[in-house]
file model_1.txt (compact mmCIF, C-alpha atoms)
# COMPACT_ATOMS: atom_id res chain seq x y z
CA MET K 1 105.23 89.22 85.07
CA ASN K 2 102.30 86.77 85.03
CA GLU K 3 100.70 87.52 88.37
CA ILE K 4 101.10 89.03 91.80
CA ILE K 5 100.39 86.67 94.66
CA VAL K 6 99.69 87.83 98.19
CA VAL K 7 100.02 84.99 100.68
CA GLY K 8 98.39 85.84 104.02
CA LEU K 9 95.54 88.30 104.38
CA GLY K 10 96.05 89.29 107.99
CA GLY K 11 97.31 92.53 109.49
CA VAL K 12 99.99 93.09 106.84
CA GLY K 13 98.28 91.51 103.83
CA THR K 14 95.04 93.44 104.21
CA ALA K 15 96.93 96.72 104.57
CA LEU K 16 98.94 95.96 101.45
CA VAL K 17 96.39 94.67 98.93
CA GLU K 18 94.31 97.78 98.38
CA PRO K 19 97.15 100.18 97.50
CA LEU K 20 98.74 97.39 95.47
CA ALA K 21 95.53 96.81 93.48
CA ARG K 22 95.11 100.57 93.03
CA TYR K 23 98.65 100.79 91.64
CA MET K 24 98.00 97.86 89.29
CA GLU K 25 94.77 99.43 88.06
CA HIS K 26 96.08 102.91 87.40
CA ASN K 27 99.63 102.37 86.18
CA LYS K 28 100.57 101.13 82.76
CA TRP K 29 102.11 97.89 83.76
CA SER K 30 102.17 94.44 82.25
CA CYS K 31 100.62 92.53 85.15
CA SER K 32 96.92 92.78 85.92
CA LYS K 33 96.28 89.55 87.82
CA LEU K 34 96.19 89.61 91.59
CA HIS K 35 95.94 86.32 93.45
CA LEU K 36 95.03 86.32 97.15
CA VAL K 37 95.80 83.20 99.20
CA ASP K 38 94.72 82.48 102.78
CA GLY K 39 93.00 79.52 104.42
CA ASP K 40 91.91 81.47 107.49
CA VAL K 41 88.52 82.94 108.34
CA TYR K 42 87.77 86.18 110.18
CA GLU K 43 87.26 85.98 113.92
CA SER K 44 86.30 88.73 116.32
CA HIS K 45 89.84 89.12 117.70
CA ASN K 46 91.04 90.05 114.19
CA LEU K 47 88.96 93.21 114.05
CA GLU K 48 91.39 95.37 116.08
CA ARG K 49 94.07 95.16 113.34
CA GLN K 50 92.61 93.72 110.17
CA ARG K 51 90.36 95.40 107.63
CA ALA K 52 87.20 93.46 108.23
CA THR K 53 83.75 94.14 109.62
CA GLU K 54 81.51 92.16 111.96
CA ALA K 55 79.43 91.10 108.95
CA GLU K 56 82.51 89.35 107.54
CA LEU K 57 83.19 87.19 110.61
CA THR K 58 83.53 83.45 109.79
CA LYS K 59 84.14 84.26 106.12
CA ASN K 60 87.39 83.36 104.38
CA LYS K 61 89.90 86.22 104.38
CA ALA K 62 91.11 85.77 100.80
CA GLU K 63 87.55 85.59 99.45
CA VAL K 64 86.41 88.63 101.45
CA HIS K 65 89.24 90.79 100.07
CA ALA K 66 88.97 89.46 96.54
CA ALA K 67 85.28 90.51 96.51
CA LYS K 68 86.13 93.97 97.88
CA LEU K 69 88.92 94.56 95.35
CA LYS K 70 86.82 93.32 92.43
CA ALA K 71 84.19 95.91 93.32
CA LEU K 72 86.77 98.69 93.57
CA PHE K 73 89.03 97.90 90.63
CA LYS K 74 87.46 96.71 87.39
CA GLY K 75 90.67 96.81 85.35
CA ILE K 76 92.43 93.97 87.12
CA THR K 77 91.62 90.30 87.67
CA VAL K 78 91.45 89.30 91.30
CA ILE K 79 91.23 85.66 92.30
CA ALA K 80 91.08 84.02 95.71
CA THR K 81 92.44 80.70 96.89
CA PRO K 82 90.93 79.91 100.31
CA LYS K 83 93.76 77.59 101.36
CA TYR K 84 96.95 77.77 103.39
CA VAL K 85 100.14 77.38 101.38
CA ASN K 86 101.84 74.06 102.07
CA GLU K 87 104.47 71.84 100.46
CA GLN K 88 101.81 70.00 98.46
CA ASN K 89 100.05 72.99 96.88
CA VAL K 90 102.81 75.60 96.60
CA SER K 91 103.76 74.65 93.05
CA GLU K 92 100.12 75.08 91.93
CA ILE K 93 99.93 78.50 93.59
CA VAL K 94 103.33 80.01 92.74
CA GLY K 95 104.34 79.73 89.11
CA ASP K 96 107.18 81.22 87.07
CA SER K 97 107.21 84.99 86.46
CA SER K 98 105.37 85.78 89.67
CA THR K 99 105.80 88.40 92.34
CA VAL K 100 105.04 86.91 95.74
CA PHE K 101 104.23 88.95 98.83
CA SER K 102 104.70 86.75 101.86
CA CYS K 103 102.55 88.25 104.63
CA VAL K 104 102.32 85.13 106.77
CA ASP K 105 102.84 84.67 110.49
CA ASN K 106 105.19 81.68 110.56
CA HIS K 107 108.66 80.82 109.31
CA LYS K 108 107.61 77.40 108.05
CA THR K 109 105.47 78.93 105.29
CA ARG K 110 108.22 81.48 104.51
CA LYS K 111 110.61 78.58 103.97
CA ILE K 112 108.12 76.76 101.71
CA LEU K 113 107.72 79.91 99.62
CA GLN K 114 111.49 80.48 99.40
CA ASP K 115 112.15 76.87 98.40
CA ARG K 116 109.56 77.14 95.66
CA CYS K 117 110.88 80.49 94.40
CA SER K 118 114.45 79.12 94.32
CA ARG K 119 113.28 76.54 91.79
CA LEU K 120 111.76 79.12 89.44
CA LYS K 121 113.55 81.02 86.71
CA GLU K 122 111.97 84.44 87.11
CA VAL K 123 110.49 85.51 90.44
CA ILE K 124 110.35 88.25 93.06
CA LEU K 125 109.68 87.27 96.67
CA ILE K 126 109.07 90.01 99.21
CA SER K 127 108.71 88.65 102.72
CA GLY K 128 107.70 90.72 105.72
CA GLY K 129 107.42 89.93 109.39
CA ASN K 130 107.11 91.76 112.66
CA GLU K 131 107.15 91.45 116.40
CA TYR K 132 105.31 94.00 118.58
CA HIS K 133 106.99 97.22 117.47
CA GLU K 134 109.84 96.08 115.25
CA GLY K 135 110.32 93.83 112.26
CA ASN K 136 111.91 93.41 108.87
CA LEU K 137 111.33 92.66 105.24
CA GLN K 138 113.46 90.61 102.88
CA VAL K 139 113.72 90.72 99.12
CA TYR K 140 114.65 87.79 96.89
CA VAL K 141 114.95 88.43 93.17
CA LYS K 142 115.72 85.91 90.47
CA ARG K 143 115.88 86.95 86.85
CA ASN K 144 116.69 84.70 83.89
CA GLY K 145 117.60 81.92 86.31
CA ARG K 146 120.15 84.11 88.14
CA GLU K 147 119.78 85.05 91.80
CA LEU K 148 120.26 88.78 92.25
CA SER K 149 119.89 88.63 96.02
CA PRO K 150 120.45 85.93 98.63
CA PRO K 151 117.54 83.64 99.54
CA ILE K 152 115.65 84.82 102.63
CA THR K 153 116.97 81.73 104.43
CA LYS K 154 120.63 82.66 103.82
CA TYR K 155 121.46 84.56 107.04
CA HIS K 156 118.32 83.53 108.89
CA GLU K 157 118.51 80.09 110.43
CA GLU K 158 115.10 80.62 112.01
CA ILE K 159 113.64 80.50 108.48
CA ALA K 160 116.05 77.92 107.05
CA TYR K 161 115.30 75.51 109.91
CA PRO K 162 111.91 76.60 111.19
CA THR K 163 110.80 75.28 114.55
CA ASP K 164 107.33 76.81 114.43
CA LEU K 165 104.18 75.28 113.00
CA SER K 166 102.16 76.31 110.00
CA PRO K 167 98.54 77.35 110.69
CA GLU K 168 97.34 73.99 109.35
CA GLU K 169 99.40 72.17 111.98
CA MET K 170 98.22 74.33 114.89
CA SER K 171 95.32 73.52 117.15
CA CYS K 172 92.53 76.08 117.67
CA GLU K 173 94.00 76.85 121.11
CA GLU K 174 97.45 77.46 119.64
CA LEU K 175 96.00 79.74 116.99
CA GLN K 176 94.14 81.73 119.64
CA GLU K 177 97.27 82.05 121.79
CA SER K 178 99.12 84.00 119.14
CA GLU K 179 101.39 86.82 120.38
CA PRO K 180 99.76 90.25 120.37
CA GLN K 181 100.56 92.58 117.49
CA LEU K 182 100.27 96.28 116.89
CA LEU K 183 98.29 97.68 113.97
CA PHE K 184 100.87 100.40 113.32
CA THR K 185 103.68 97.83 113.07
CA ASN K 186 101.67 95.84 110.52
CA LEU K 187 101.15 99.05 108.52
CA MET K 188 104.89 99.77 108.56
CA VAL K 189 105.71 96.30 107.21
CA ALA K 190 103.07 96.66 104.49
CA CYS K 191 104.43 100.07 103.50
CA LEU K 192 108.04 98.85 103.35
CA MET K 193 107.00 95.80 101.32
CA LEU K 194 105.27 98.02 98.76
CA ASN K 195 108.36 100.25 98.59
CA ALA K 196 110.47 97.16 97.94
CA PHE K 197 108.05 96.03 95.24
CA TYR K 198 108.30 99.41 93.52
CA GLY K 199 112.09 99.16 93.65
CA CYS K 200 111.99 95.69 92.11
CA ILE K 201 109.80 96.66 89.16
CA ARG K 202 111.72 99.88 88.55
CA GLU K 203 115.23 98.47 88.68
CA VAL K 204 116.71 95.12 87.67
CA THR K 205 118.94 94.64 90.70
CA PRO K 206 117.51 95.33 94.14
CA ARG K 207 119.27 98.14 96.03
CA TYR K 208 118.90 96.25 99.31
CA HIS K 209 118.11 92.73 100.43
CA GLU K 210 116.62 93.40 103.79
CA VAL K 211 115.17 96.32 105.75
CA TYR K 212 114.96 96.43 109.54
CA PHE K 213 112.67 98.85 111.29
CA ASP K 214 111.52 99.88 114.73
CA ILE K 215 108.40 102.02 114.98
CA LEU K 216 109.23 103.23 118.50
CA GLU K 217 112.50 104.68 117.19
CA ASN K 218 110.72 105.57 113.94
CA CYS K 219 113.69 104.33 111.98
CA ALA K 220 114.45 101.85 109.23
CA ARG K 221 117.79 100.55 107.95
CA PRO K 222 118.23 98.88 104.58
CA ALA K 223 120.92 96.18 104.39
CA LYS K 224 122.63 94.84 101.29
CA ARG K 225 124.59 91.64 101.63
CA MET L 226 158.60 116.62 92.78
CA SER L 227 156.46 119.44 91.41
CA GLN L 228 154.77 121.87 93.78
CA SER L 229 151.28 120.45 93.16
CA ALA L 230 152.52 116.88 93.61
CA ALA L 231 154.16 117.94 96.87
CA PHE L 232 150.86 119.43 98.09
CA LEU L 233 149.02 116.27 97.15
CA PHE L 234 151.60 114.15 98.97
CA LEU L 235 151.43 116.37 102.06
CA GLY L 236 147.62 116.37 101.95
CA ASP L 237 147.53 112.62 101.68
CA CYS L 238 149.87 112.27 104.67
CA VAL L 239 147.88 114.65 106.83
CA PHE L 240 144.40 113.49 105.86
CA GLY L 241 145.44 109.85 105.72
CA LYS L 242 146.62 110.14 109.31
CA LEU L 243 143.47 111.99 110.31
CA GLU L 244 141.33 109.38 108.59
CA ARG L 245 143.15 106.56 110.38
CA ARG L 246 142.88 108.48 113.65
CA PHE L 247 139.11 108.91 113.33
CA ALA L 248 138.34 105.55 111.74
CA MET L 249 136.37 103.40 114.11
CA ALA L 250 134.64 100.07 114.14
CA THR L 251 130.87 99.94 113.79
CA LEU L 252 128.43 97.55 115.40
CA VAL L 253 125.07 96.93 113.75
CA CYS L 254 121.98 95.07 114.86
CA GLY L 255 118.53 95.48 113.33
CA CYS L 256 118.10 99.20 112.66
CA ASN L 257 120.59 100.17 115.39
CA GLU L 258 124.13 101.20 114.54
CA LEU L 259 126.95 102.32 116.84
CA SER L 260 130.47 103.49 115.97
CA ASN L 261 133.08 104.06 118.65
CA PRO L 262 136.90 104.22 118.64
CA GLY L 263 136.73 102.27 121.91
CA PHE L 264 135.76 99.11 120.00
CA ASP L 265 139.23 98.80 118.45
CA GLY L 266 141.14 95.87 119.91
CA LYS L 267 138.11 94.37 121.65
CA THR L 268 136.86 91.02 120.47
CA ILE L 269 133.46 90.50 118.85
CA ALA L 270 132.37 88.49 121.90
CA GLU L 271 133.40 91.34 124.22
CA VAL L 272 131.51 94.02 122.33
CA LYS L 273 128.52 91.72 122.04
CA THR L 274 128.39 91.37 125.82
CA GLN L 275 129.15 95.02 126.50
CA TYR L 276 126.78 96.59 123.99
CA GLY L 277 124.21 93.81 123.69
CA GLN L 278 121.56 95.71 125.59
CA VAL L 279 122.16 99.06 123.88
CA LEU L 280 121.94 97.52 120.43
CA ASN L 281 119.27 94.99 121.33
CA ILE L 282 121.48 92.08 120.21
CA PRO L 283 119.72 88.72 120.61
CA ALA L 284 121.07 86.89 123.66
CA ASP L 285 121.04 83.54 121.88
CA ASP L 286 123.24 82.63 118.92
CA CYS L 287 122.78 84.80 115.89
CA THR L 288 124.60 85.01 112.58
CA VAL L 289 127.56 87.41 112.78
CA LEU L 290 128.91 89.20 109.72
CA LEU L 291 132.32 90.83 109.85
CA ASN L 292 132.65 93.26 106.94
CA ASP L 293 129.73 91.44 105.25
CA VAL L 294 131.36 88.00 105.57
CA GLU L 295 129.87 85.43 107.93
CA THR L 296 132.17 84.57 110.84
CA THR L 297 131.99 82.17 113.76
CA ASN L 298 135.23 83.38 115.35
CA LEU L 299 133.95 85.70 118.04
CA ASN L 300 137.43 85.98 119.58
CA GLN L 301 138.64 88.03 116.68
CA PRO L 302 139.80 91.51 117.76
CA LEU L 303 138.20 94.44 115.95
CA ARG L 304 140.20 96.93 113.93
CA ALA L 305 139.34 100.47 112.93
CA ASP L 306 136.86 100.46 110.04
CA ASP L 307 135.57 96.97 110.82
CA ARG L 308 131.83 96.60 110.58
CA VAL L 309 130.19 93.88 112.61
CA GLU L 310 126.57 92.99 112.05
CA PHE L 311 124.68 90.80 114.49
CA VAL L 312 121.93 89.60 112.18
CA LYS L 313 118.62 90.12 113.90
CA LYS L 314 116.10 87.34 113.52
CA SER L 315 113.28 87.90 111.08
CA GLY L 316 109.96 89.05 112.44
CA THR L 317 107.61 86.12 112.90
CA LYS L 318 104.18 87.71 112.79
CA GLY L 319 102.33 89.69 110.22
CA ALA L 320 99.03 87.92 109.81
call {"tool": "encode", "arguments": {"input": "model_1.txt", "output": "structure tokens"}}
result
Amino acid sequence: MNEIIVVGLGGVGTALVEPLARYMEHNKWSCSKLHLVDGDVYESHNLERQRATEAELTKNKAEVHAAKLKALFKGITVIATPKYVNEQNVSEIVGDSSTVFSCVDNHKTRKILQDRCSRLKEVILISGGNEYHEGNLQVYVKRNGRELSPPITKYHEEIAYPTDLSPEEMSCEELQESEPQLLFTNLMVACLMLNAFYGCIREVTPRYHEVYFDILENCARPAKR
Amino acid sequence: MSQSAAFLFLGDCVFGKLERRFAMATLVCGCNELSNPGFDGKTIAEVKTQYGQVLNIPADDCTVLLNDVETTNLNQPLRADDRVEFVKKSGTKGA
């Protein structure tokens, strides 16, 4: 595994990176490079869910978290790319033998990441998403050029044919009008994504391809297809 | 037939019948799951309408899997042991 890439440092991404970096630092494991990718900057409305302070407002999210993780964990290399992933730069960002955590807020970027991962020989893509109190995560694993799970677009037309816009295509007003989210739901997605990651590095074939959850019901259901 | 083979045969008849009697179709959507002998004989479209609210099935078109195989024939009647999944759309947010 060359590197771990976290795309999106919002409610899910910021909850996920610290335990992930801690695991990388303290476990004997072949990968020690963590790459954080996000073109967004912190705004005051982010503070209710995302791990940022008032002093970090207007600063790039990927750079803020890379600096924090570098200070906490000296045994790993943390790099930041302050850009949104798009069709033009995805091949520079996601290379072979990567693990990609997709913590974005739009299906268009999920599709770009899946398309890129489908072209690689060795890759793990863990994609999470949520609504207000429910959500899911999907796992795509390809080893030695062989798909061990269906692409995240397979049963999800909303990702295969996205009708939403990427953050780069949205106006400031559209970005501000984003649907409300719940901190606890973001934490649940982050936790399930890390569980899936652990499963993928421990076992060759993933035990499940998707997990649905609902925090009001406090339940989660893994699905293998 | 030996005595033990006779017992096995009898057991298979009894438990086989019981198993068939208690086998029931299952509906799945997101993390919700519902099994009910009353589903047998109803079509996928009927159970979708009837249990859509209970299972939180999306009102618009969603991918339907019958025993893990994608199907577009919603007029298909369900049999005992069938498992129908209405694939819930992926969560959009996260950032």
call {"tool": "closest_residue", "arguments": {"input": "model_1.txt", "among": "L:Asn281, L:Gln301, L:Thr274, L:Thr317", "to": "chain K", "atoms": "all atoms listed in the file"}}
result
L:Thr317
call {"tool": "axis_aligned_box", "arguments": {"input": "model_1.txt", "around": "stretch 276-293 of chain L", "padding_each_side": "5 Å", "output": "JSON"}}
result
{"center_x": 126.0, "center_y": 90.8, "center_z": 115.4, "size_x": 23.4, "size_y": 26.4, "size_z": 30.3}
call {"tool": "closest_residue", "arguments": {"input": "model_1.txt", "among": "L:Ala305, L:Leu291, L:Ala320, L:Cys254", "to": "chain K", "atoms": "only C-alpha atoms"}}
result
L:Ala320
call {"tool": "interface_residues", "arguments": {"input": "model_1.txt", "of": "chain K", "to": "chain L", "cutoff": "6 Å", "atoms": "only C-alpha atoms", "output": "VMD selection string"}}
result
chain K and resid 10 to 12 103 to 106 129 to 131 135 to 136 212 to 213 220 to 221
call {"tool": "write_last_selection", "arguments": {"input": "model_1.txt", "atoms": "C-alpha atoms", "output": "PDB file, in the coordinates of the input"}}
result
ATOM      1  CA  GLY K  10      96.050  89.290 107.990  1.00  0.00           C
ATOM      2  CA  GLY K  11      97.310  92.530 109.490  1.00  0.00           C
ATOM      3  CA  VAL K  12      99.990  93.090 106.840  1.00  0.00           C
ATOM      4  CA  CYS K 103     102.550  88.250 104.630  1.00  0.00           C
ATOM      5  CA  VAL K 104     102.320  85.130 106.770  1.00  0.00           C
ATOM      6  CA  ASP K 105     102.840  84.670 110.490  1.00  0.00           C
ATOM      7  CA  ASN K 106     105.190  81.680 110.560  1.00  0.00           C
ATOM      8  CA  GLY K 129     107.420  89.930 109.390  1.00  0.00           C
ATOM      9  CA  ASN K 130     107.110  91.760 112.660  1.00  0.00           C
ATOM     10  CA  GLU K 131     107.150  91.450 116.400  1.00  0.00           C
ATOM     11  CA  GLY K 135     110.320  93.830 112.260  1.00  0.00           C
ATOM     12  CA  ASN K 136     111.910  93.410 108.870  1.00  0.00           C
ATOM     13  CA  TYR K 212     114.960  96.430 109.540  1.00  0.00           C
ATOM     14  CA  PHE K 213     112.670  98.850 111.290  1.00  0.00           C
ATOM     15  CA  ALA K 220     114.450 101.850 109.230  1.00  0.00           C
ATOM     16  CA  ARG K 221     117.790 100.550 107.950  1.00  0.00           C
TER      17      ARG K 221
END
call {"tool": "atom_distance", "arguments": {"input": "model_1.txt", "atom1": "atom CA of K:Leu113", "atom2": "atom CA of K:Leu125"}}
result
8.2 Å
call {"tool": "atom_distance", "arguments": {"input": "model_1.txt", "atom1": "atom CA of K:Glu168", "atom2": "atom CA of K:Lys83"}}
result
9.5 Å
call {"tool": "atom_distance", "arguments": {"input": "model_1.txt", "atom1": "atom CA of K:Asp115", "atom2": "atom CA of K:Ile159"}}
result
10.8 Å
call {"tool": "decode", "arguments": {"input": "model_1.txt", "residues": "stretch 251-263 of chain L", "atoms": "N, CA and C atoms", "output": "PDB file, in the first residue's frame"}}
result
ATOM      1  N   THR L 251     -38.787 -12.220   2.784  1.00  0.00           N
ATOM      2  CA  THR L 251     -38.224 -11.119   3.571  1.00  0.00           C
ATOM      3  C   THR L 251     -38.075  -9.883   2.690  1.00  0.00           C
ATOM      4  N   LEU L 252     -38.468  -8.765   3.228  1.00  0.00           N
ATOM      5  CA  LEU L 252     -38.278  -7.488   2.528  1.00  0.00           C
ATOM      6  C   LEU L 252     -37.182  -6.719   3.243  1.00  0.00           C
ATOM      7  N   VAL L 253     -36.311  -6.088   2.462  1.00  0.00           N
ATOM      8  CA  VAL L 253     -35.181  -5.355   3.041  1.00  0.00           C
ATOM      9  C   VAL L 253     -35.084  -3.990   2.387  1.00  0.00           C
ATOM     10  N   CYS L 254     -34.834  -2.987   3.210  1.00  0.00           N
ATOM     11  CA  CYS L 254     -34.533  -1.654   2.667  1.00  0.00           C
ATOM     12  C   CYS L 254     -33.667  -0.906   3.671  1.00  0.00           C
ATOM     13  N   GLY L 255     -32.497  -0.474   3.243  1.00  0.00           N
ATOM     14  CA  GLY L 255     -31.577   0.188   4.175  1.00  0.00           C
ATOM     15  C   GLY L 255     -31.238  -0.766   5.298  1.00  0.00           C
ATOM     16  N   CYS L 256     -31.373  -0.330   6.559  1.00  0.00           N
ATOM     17  CA  CYS L 256     -31.083  -1.259   7.651  1.00  0.00           C
ATOM     18  C   CYS L 256     -32.361  -1.908   8.182  1.00  0.00           C
ATOM     19  N   ASN L 257     -33.486  -1.706   7.492  1.00  0.00           N
ATOM     20  CA  ASN L 257     -34.744  -2.334   7.929  1.00  0.00           C
ATOM     21  C   ASN L 257     -34.968  -3.663   7.213  1.00  0.00           C
ATOM     22  N   GLU L 258     -35.505  -4.611   7.947  1.00  0.00           N
ATOM     23  CA  GLU L 258     -35.763  -5.943   7.408  1.00  0.00           C
ATOM     24  C   GLU L 258     -37.074  -6.442   7.989  1.00  0.00           C
ATOM     25  N   LEU L 259     -37.907  -7.071   7.168  1.00  0.00           N
ATOM     26  CA  LEU L 259     -39.209  -7.538   7.636  1.00  0.00           C
ATOM     27  C   LEU L 259     -39.543  -8.867   6.965  1.00  0.00           C
ATOM     28  N   SER L 260     -39.809  -9.889   7.785  1.00  0.00           N
ATOM     29  CA  SER L 260     -40.222 -11.195   7.248  1.00  0.00           C
ATOM     30  C   SER L 260     -41.654 -11.443   7.677  1.00  0.00           C
ATOM     31  N   ASN L 261     -42.451 -12.008   6.773  1.00  0.00           N
ATOM     32  CA  ASN L 261     -43.859 -12.233   7.100  1.00  0.00           C
ATOM     33  C   ASN L 261     -44.421 -13.288   6.151  1.00  0.00           C
ATOM     34  N   PRO L 262     -45.097 -14.323   6.683  1.00  0.00           N
ATOM     35  CA  PRO L 262     -45.685 -15.320   5.787  1.00  0.00           C
ATOM     36  C   PRO L 262     -46.751 -14.711   4.884  1.00  0.00           C
ATOM     37  N   GLY L 263     -47.286 -13.563   5.273  1.00  0.00           N
ATOM     38  CA  GLY L 263     -48.306 -12.890   4.478  1.00  0.00           C
ATOM     39  C   GLY L 263     -47.794 -12.334   3.150  1.00  0.00           C
TER      40      GLY L 263
END
